[in-house]
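Chemist: Provided below: protein.cif, containing mmCIF, C-alpha atoms.
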```cif
data_query
loop_
_atom_site.label_atom_id
_atom_site.label_comp_id
_atom_site.auth_asym_id
_atom_site.auth_seq_id
_atom_site.Cartn_x
_atom_site.Cartn_y
_atom_site.Cartn_z
CA MET A 1 -18.79 -21.88 -71.01
CA ARG A 2 -19.04 -18.92 -68.67
CA VAL A 3 -17.68 -18.26 -65.19
CA SER A 4 -18.60 -15.27 -63.05
CA VAL A 5 -17.40 -14.35 -59.56
CA GLN A 6 -19.54 -11.46 -58.36
CA SER A 7 -21.03 -9.73 -55.33
CA ASP A 8 -24.37 -9.04 -57.05
CA ASP A 9 -27.27 -11.47 -56.90
CA PHE A 10 -28.22 -13.31 -60.07
CA ASP A 11 -31.55 -14.03 -61.72
CA LEU A 12 -31.69 -17.77 -62.35
CA ALA A 13 -34.29 -17.51 -65.10
CA ALA A 14 -32.37 -14.77 -66.90
CA GLU A 15 -29.12 -16.70 -66.64
CA LEU A 16 -30.73 -19.79 -68.18
CA ARG A 17 -32.31 -17.95 -71.09
CA GLY A 18 -30.38 -19.15 -74.11
CA PHE A 19 -28.22 -21.50 -72.03
CA GLY A 20 -27.28 -24.78 -73.71
CA ARG A 21 -29.30 -24.12 -76.82
CA ALA A 22 -26.92 -25.96 -79.15
CA THR A 23 -28.95 -28.37 -81.29
CA ASN A 24 -27.08 -31.36 -79.87
CA THR A 25 -28.13 -30.53 -76.29
CA GLY A 26 -30.58 -33.08 -74.89
CA ALA A 27 -30.45 -32.20 -71.19
CA THR A 28 -29.68 -29.32 -68.88
CA VAL A 29 -29.18 -29.52 -65.11
CA THR A 30 -29.02 -26.59 -62.71
CA PHE A 31 -28.02 -26.38 -59.08
CA THR A 32 -28.41 -23.36 -56.80
CA GLY A 33 -26.77 -23.06 -53.38
CA LEU A 34 -28.53 -20.93 -50.72
CA VAL A 35 -27.53 -19.54 -47.32
CA ARG A 36 -29.00 -22.04 -44.85
CA ASP A 37 -29.79 -21.41 -41.18
CA ASP A 38 -29.78 -24.62 -39.11
CA THR A 39 -30.15 -23.01 -35.69
CA GLY A 40 -32.40 -19.98 -36.16
CA GLN A 41 -29.49 -17.82 -34.98
CA LEU A 42 -27.80 -17.02 -38.28
CA ASP A 43 -28.00 -13.46 -39.57
CA HIS A 44 -25.75 -13.71 -42.60
CA MET A 45 -22.69 -15.30 -44.10
CA GLU A 46 -19.60 -13.42 -45.11
CA ILE A 47 -17.99 -15.01 -48.10
CA GLU A 48 -14.37 -14.10 -48.60
CA HIS A 49 -12.63 -14.89 -51.86
CA TYR A 50 -9.23 -14.76 -53.48
CA PRO A 51 -9.70 -12.46 -56.49
CA GLY A 52 -7.96 -13.77 -59.58
CA MET A 53 -7.32 -17.27 -58.26
CA CYS A 54 -11.08 -17.80 -57.94
CA GLU A 55 -11.75 -17.10 -61.59
CA THR A 56 -8.76 -19.18 -62.76
CA ALA A 57 -9.53 -22.14 -60.48
CA ILE A 58 -13.23 -22.23 -61.41
CA ALA A 59 -12.47 -21.91 -65.14
CA LYS A 60 -10.08 -24.87 -64.88
CA ILE A 61 -12.70 -27.00 -63.07
CA ALA A 62 -15.36 -26.03 -65.64
CA GLU A 63 -13.02 -26.83 -68.54
CA ASP A 64 -12.32 -30.24 -67.03
CA ALA A 65 -16.06 -30.90 -66.73
CA CYS A 66 -16.72 -29.75 -70.31
CA ALA A 67 -14.03 -32.05 -71.66
CA ARG A 68 -14.86 -35.10 -69.55
CA TRP A 69 -18.61 -35.12 -70.21
CA SER A 70 -18.50 -33.48 -73.68
CA LEU A 71 -20.77 -30.73 -72.40
CA THR A 72 -22.43 -28.47 -74.91
CA ASP A 73 -22.50 -25.62 -72.36
CA CYS A 74 -21.50 -24.88 -68.79
CA LEU A 75 -22.13 -21.93 -66.46
CA VAL A 76 -20.79 -21.22 -62.97
CA ILE A 77 -21.72 -18.15 -60.92
CA HIS A 78 -20.35 -17.74 -57.39
CA ARG A 79 -21.01 -14.73 -55.16
CA TYR A 80 -18.93 -13.18 -52.41
CA GLY A 81 -19.63 -10.60 -49.70
CA ALA A 82 -22.31 -10.49 -46.98
CA LEU A 83 -25.23 -12.77 -47.86
CA LYS A 84 -28.39 -13.01 -45.74
CA VAL A 85 -30.19 -16.25 -44.88
CA GLY A 86 -32.06 -17.51 -47.94
CA GLU A 87 -29.93 -15.61 -50.44
CA GLN A 88 -28.43 -17.37 -53.42
CA ILE A 89 -24.71 -18.10 -53.01
CA MET A 90 -23.92 -19.79 -56.26
CA MET A 91 -25.21 -21.75 -59.22
CA VAL A 92 -23.97 -24.20 -61.77
CA ALA A 93 -25.67 -25.17 -64.99
CA THR A 94 -24.58 -27.93 -67.33
CA ALA A 95 -25.85 -28.89 -70.76
CA GLY A 96 -25.07 -32.22 -72.37
CA ARG A 97 -26.33 -34.68 -74.92
CA HIS A 98 -27.98 -36.86 -72.24
CA ARG A 99 -29.11 -36.38 -68.65
CA VAL A 100 -26.43 -38.66 -67.18
CA GLU A 101 -23.68 -36.40 -68.50
CA ALA A 102 -25.44 -33.24 -67.36
CA PHE A 103 -26.15 -34.59 -63.84
CA GLU A 104 -22.69 -36.06 -63.33
CA ALA A 105 -20.91 -32.95 -64.58
CA ALA A 106 -23.01 -30.78 -62.23
CA GLU A 107 -22.06 -32.99 -59.25
CA PHE A 108 -18.41 -32.96 -60.26
CA LEU A 109 -18.50 -29.16 -60.49
CA MET A 110 -20.10 -28.88 -57.06
CA ASP A 111 -17.65 -31.29 -55.44
CA TYR A 112 -14.66 -29.44 -56.85
CA LEU A 113 -15.99 -25.95 -56.19
CA LYS A 114 -16.46 -26.89 -52.55
CA SER A 115 -12.82 -27.86 -51.93
CA ARG A 116 -10.82 -26.27 -54.74
CA ALA A 117 -12.34 -22.83 -55.35
CA PRO A 118 -10.76 -20.28 -52.97
CA PHE A 119 -13.80 -19.10 -50.97
CA TRP A 120 -14.20 -19.06 -47.21
CA LYS A 121 -17.51 -18.71 -45.36
CA LYS A 122 -17.97 -17.03 -42.02
CA GLU A 123 -21.27 -17.31 -40.15
CA VAL A 124 -22.40 -14.20 -38.27
CA SER A 125 -25.16 -14.64 -35.66
CA LYS A 126 -28.16 -12.33 -35.24
CA ASP A 127 -26.80 -10.84 -32.01
CA GLY A 128 -23.47 -10.24 -33.75
CA LYS A 129 -21.60 -11.97 -30.90
CA SER A 130 -20.80 -15.19 -32.65
CA THR A 131 -18.67 -15.29 -35.77
CA ASP A 132 -17.46 -18.69 -36.89
CA TRP A 133 -15.51 -19.71 -39.95
CA VAL A 134 -17.19 -22.68 -41.59
CA ARG A 135 -14.77 -25.61 -41.39
CA ALA A 136 -14.11 -27.81 -44.38
CA LYS A 137 -15.31 -31.38 -43.79
CA ASN A 138 -13.23 -34.48 -44.44
CA SER A 139 -16.19 -35.73 -46.46
CA ASP A 140 -15.74 -32.75 -48.83
CA GLU A 141 -12.22 -33.93 -49.66
CA ASP A 142 -13.36 -37.58 -49.85
CA ALA A 143 -16.04 -36.56 -52.36
CA LEU A 144 -13.30 -35.76 -54.89
CA LYS A 145 -12.01 -39.33 -54.84
CA ARG A 146 -14.99 -40.68 -56.72
CA TRP A 147 -14.00 -38.62 -59.74
CA MET B 1 10.68 -9.13 -52.08
CA ILE B 2 7.72 -11.40 -52.16
CA THR B 3 4.02 -10.57 -51.73
CA VAL B 4 2.33 -12.65 -49.04
CA VAL B 5 -1.46 -12.71 -48.80
CA TYR B 6 -3.70 -14.21 -46.12
CA PHE B 7 -7.34 -15.22 -46.08
CA ALA B 8 -10.06 -16.07 -43.55
CA TRP B 9 -8.83 -16.81 -40.00
CA VAL B 10 -5.21 -16.75 -41.12
CA ARG B 11 -5.73 -13.11 -42.12
CA GLU B 12 -7.49 -12.39 -38.83
CA ARG B 13 -4.71 -13.93 -36.74
CA ILE B 14 -1.95 -12.12 -38.60
CA GLY B 15 -3.89 -8.87 -38.72
CA VAL B 16 -3.20 -7.81 -42.31
CA PRO B 17 -4.57 -9.08 -45.64
CA ARG B 18 -1.25 -8.73 -47.50
CA GLU B 19 2.30 -7.58 -47.02
CA GLU B 20 5.60 -7.39 -48.83
CA ILE B 21 8.26 -9.55 -47.21
CA ASP B 22 11.97 -9.16 -47.77
CA THR B 23 13.13 -12.75 -47.64
CA LYS B 24 15.69 -15.17 -48.97
CA ALA B 25 13.59 -18.21 -47.99
CA ALA B 26 14.21 -21.08 -50.38
CA THR B 27 10.92 -22.89 -49.76
CA VAL B 28 7.46 -22.14 -48.39
CA MET B 29 8.44 -23.96 -45.20
CA ASP B 30 11.48 -21.70 -44.80
CA LEU B 31 9.24 -18.66 -45.17
CA VAL B 32 6.84 -20.04 -42.55
CA SER B 33 9.77 -20.58 -40.14
CA GLU B 34 11.05 -17.06 -40.80
CA LEU B 35 7.66 -15.46 -40.13
CA THR B 36 6.99 -17.65 -37.09
CA ALA B 37 10.25 -16.47 -35.52
CA ARG B 38 9.35 -12.86 -36.27
CA ASP B 39 6.18 -12.39 -34.19
CA PRO B 40 3.72 -14.44 -32.08
CA ARG B 41 0.91 -13.51 -34.47
CA TYR B 42 2.55 -15.65 -37.13
CA ALA B 43 3.33 -18.43 -34.68
CA LEU B 44 -0.39 -18.53 -33.84
CA ALA B 45 -1.47 -18.51 -37.48
CA PHE B 46 1.04 -21.19 -38.50
CA SER B 47 0.71 -23.40 -35.40
CA ASP B 48 -1.05 -26.23 -37.26
CA LEU B 49 0.13 -26.55 -40.85
CA ASP B 50 -2.20 -29.50 -41.48
CA SER B 51 -5.07 -27.03 -41.28
CA LEU B 52 -3.46 -24.66 -43.77
CA ARG B 53 -3.17 -24.53 -47.53
CA VAL B 54 -0.71 -22.59 -49.63
CA ALA B 55 -0.93 -21.18 -53.15
CA LEU B 56 2.02 -19.93 -55.20
CA ASP B 57 1.16 -17.34 -57.83
CA GLN B 58 -2.50 -18.29 -57.34
CA GLU B 59 -2.06 -22.04 -57.84
CA LEU B 60 -2.41 -24.57 -55.02
CA SER B 61 0.99 -25.83 -53.95
CA TYR B 62 2.88 -27.50 -51.09
CA PHE B 63 4.89 -26.40 -48.09
CA ASP B 64 8.06 -27.99 -49.44
CA ALA B 65 7.75 -26.17 -52.79
CA PRO B 66 10.61 -23.84 -53.81
CA LEU B 67 9.98 -20.08 -53.86
CA ALA B 68 12.40 -19.26 -56.68
CA GLY B 69 10.62 -17.06 -59.24
CA VAL B 70 7.43 -16.86 -57.17
CA GLY B 71 5.85 -13.39 -56.82
CA GLU B 72 2.88 -14.12 -54.58
CA VAL B 73 2.43 -16.61 -51.75
CA ALA B 74 -1.02 -17.12 -50.21
CA PHE B 75 -1.85 -18.85 -46.93
CA PHE B 76 -5.39 -19.87 -46.08
CA PRO B 77 -7.52 -22.57 -44.40
CA PRO B 78 -9.10 -25.36 -46.46
CA MET B 79 -11.55 -23.78 -48.87
CA THR B 80 -15.30 -23.82 -48.31
CA GLY B 81 -16.82 -22.85 -51.63
CA GLY B 82 -20.10 -23.94 -53.14
#
```
Now that the file is in, can you turn its structure into structure tokens?
Modeler:
Amino acid sequence: MRVSVQSDDFDLAAELRGFGRATNTGATVTFTGLVRDDTGQLDHMEIEHYPGMCETAIAKIAEDACARWSLTDCLVIHRYGALKVGEQIMMVATAGRHRVEAFEAAEFLMDYLKSRAPFWKKEVSKDGKSTDWVRAKNSDEDALKRW
Amino acid sequence: MITVVYFAWVRERIGVPREEIDTKAATVMDLVSELTARDPRYALAFSDLDSLRVALDQELSYFDAPLAGVGEVAFFPPMTGG
């Protein structure tokens, strides 16, 4: 299991080299989150984080996932700082004995990272005039109930 | 003395990312009341507690939680990770 909170970009292929290579791994799942522009007006996102709490909170979520789905490996990378449209924000990778475990654990990680990892996103428009904090959705909190 | 840290729009409304507060507040709620009485910036930041979260020593907590033994209190909006 590995958790990294970083400003630098990551190379998905490099991160996955050697990931989940235990002989009892039958499936790996990866998810990558990107900066999306719905309106054509977004310049970048500023991602603020709570140093220390981020690492602890994510490690706890990843440990829970590892235990619940008997994962053979688990990786979470989450970036902070100013990220342009199209840039990678974060990734999770899970490795399990079967695909169901790997898929479910990846969804669990994503649901919990969204509402329980201390990051905040601010959208900055191309003209620099509009800066809006992304609001958490009720559906994000509801998503946790299924677990 | 207790360290108080703020994130996102809470930080913007209060105007500083962290500060040391000399307080005898027994609970988080007491601290919020103390700060709110101190300056309108805090009153603005703490005007809707339903839209705020609190962490004590970097663990999510509650507004009625006691502050005894706590070194760092953090106030922030609901998180938007992922």
Chemist: Take the PyMOL selection byres ((chain A and resi 23-32) around 9), run it mentally on this structure, and tell me the resulting residues as a VMD selection string.
Modeler: chain A and resid 12 16 19 to 22 33 to 34 71 to 73 88 to 103 105 to 107 110
Chemist: Show me, as a PyMOL selection string, the residues of chain A whose atoms get within 6 Å of chain B, using all atoms listed in the file for the distance check.
Modeler: chain A and resi 53+113-115+117-120+136
Chemist: Mind listing as JSON, numbers by chain all residues within 10 Å of (-23.7, -9.9, -36.0), counting only C-alpha atoms?
Modeler: {"A": [41, 42, 43, 44, 45, 123, 124, 125, 126, 127, 128, 129, 130, 131]}
Chemist: Enter the distance from atom CA of Lys122 of chain A to atom CA of Arg135 of chain A, in Å, rounded to one decimal.
Modeler: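 Separating atom CA of Lys122 of chain A from atom CA of Arg135 of chain A is a distance of 9.2 Å.
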Chemist: If we count only C-alpha atoms and set the cut-off at 7 Å, which residues sit around Tyr42 of chain B, ignoring sequence neighbours fewer than 5 positions away in its own chain? Please answer as number ranges by chain.
Modeler: B: 14, 35-36
Chemist: So that I can see what lies close to Arg79 of chain A, please list as an MDAnalysis selection string the residues with an atom at most 8 Å from it, counting all atoms listed in the file and leaving out residues fewer than 3 positions away in the same chain.
Modeler: chainID A and resid 5:9 47 89:90
Chemist: Restricting the calculation to only C-alpha atoms: of B:Val10, B:Val16, B:Ala37, B:Met1, which residue gets closest to Phe75 of chain B?
Modeler: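 Smallest separation from Phe75 of chain B among the options: B:Val10.
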Chemist: Take atom CA of Gly15 of chain B and atom CA of Pro51 of chain A and report the distance between them in Å, one decimal.
Modeler: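 We find that atom CA of Gly15 of chain B and atom CA of Pro51 of chain A lie 19.0 Å from each other.
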Chemist: Work out how far atom CA of Arg53 of chain B is from atom CA of Arg68 of chain A, in Å to one decimal.
Modeler: 27.1 Å
Chemist: Would you kindly translate the PyMOL selection byres ((chain B and resi 21) around 12) into the concrete residues it picks from this file, as an MDAnalysis selection string?
Modeler: chainID B and resid 1:5 18:20 22:25 31:32 34:35 38 71:73
Chemist: Since I can't run it myself right now, could you work out what the PyMOL selection byres ((chain A and resi 3) around 6) selects here and report it as a list of chain:residue names?
Modeler: A:Arg2, A:Ser4, A:Leu75, A:Val76, A:Ile77
Chemist: Measuring atom to atom with all atoms listed in the file, identify which of A:Ala67, A:Leu144, A:Leu83, A:Lys137 is nearest to Met1 of chain A.
Modeler: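 Of all the options, A:Ala67 lies closest to Met1 of chain A.
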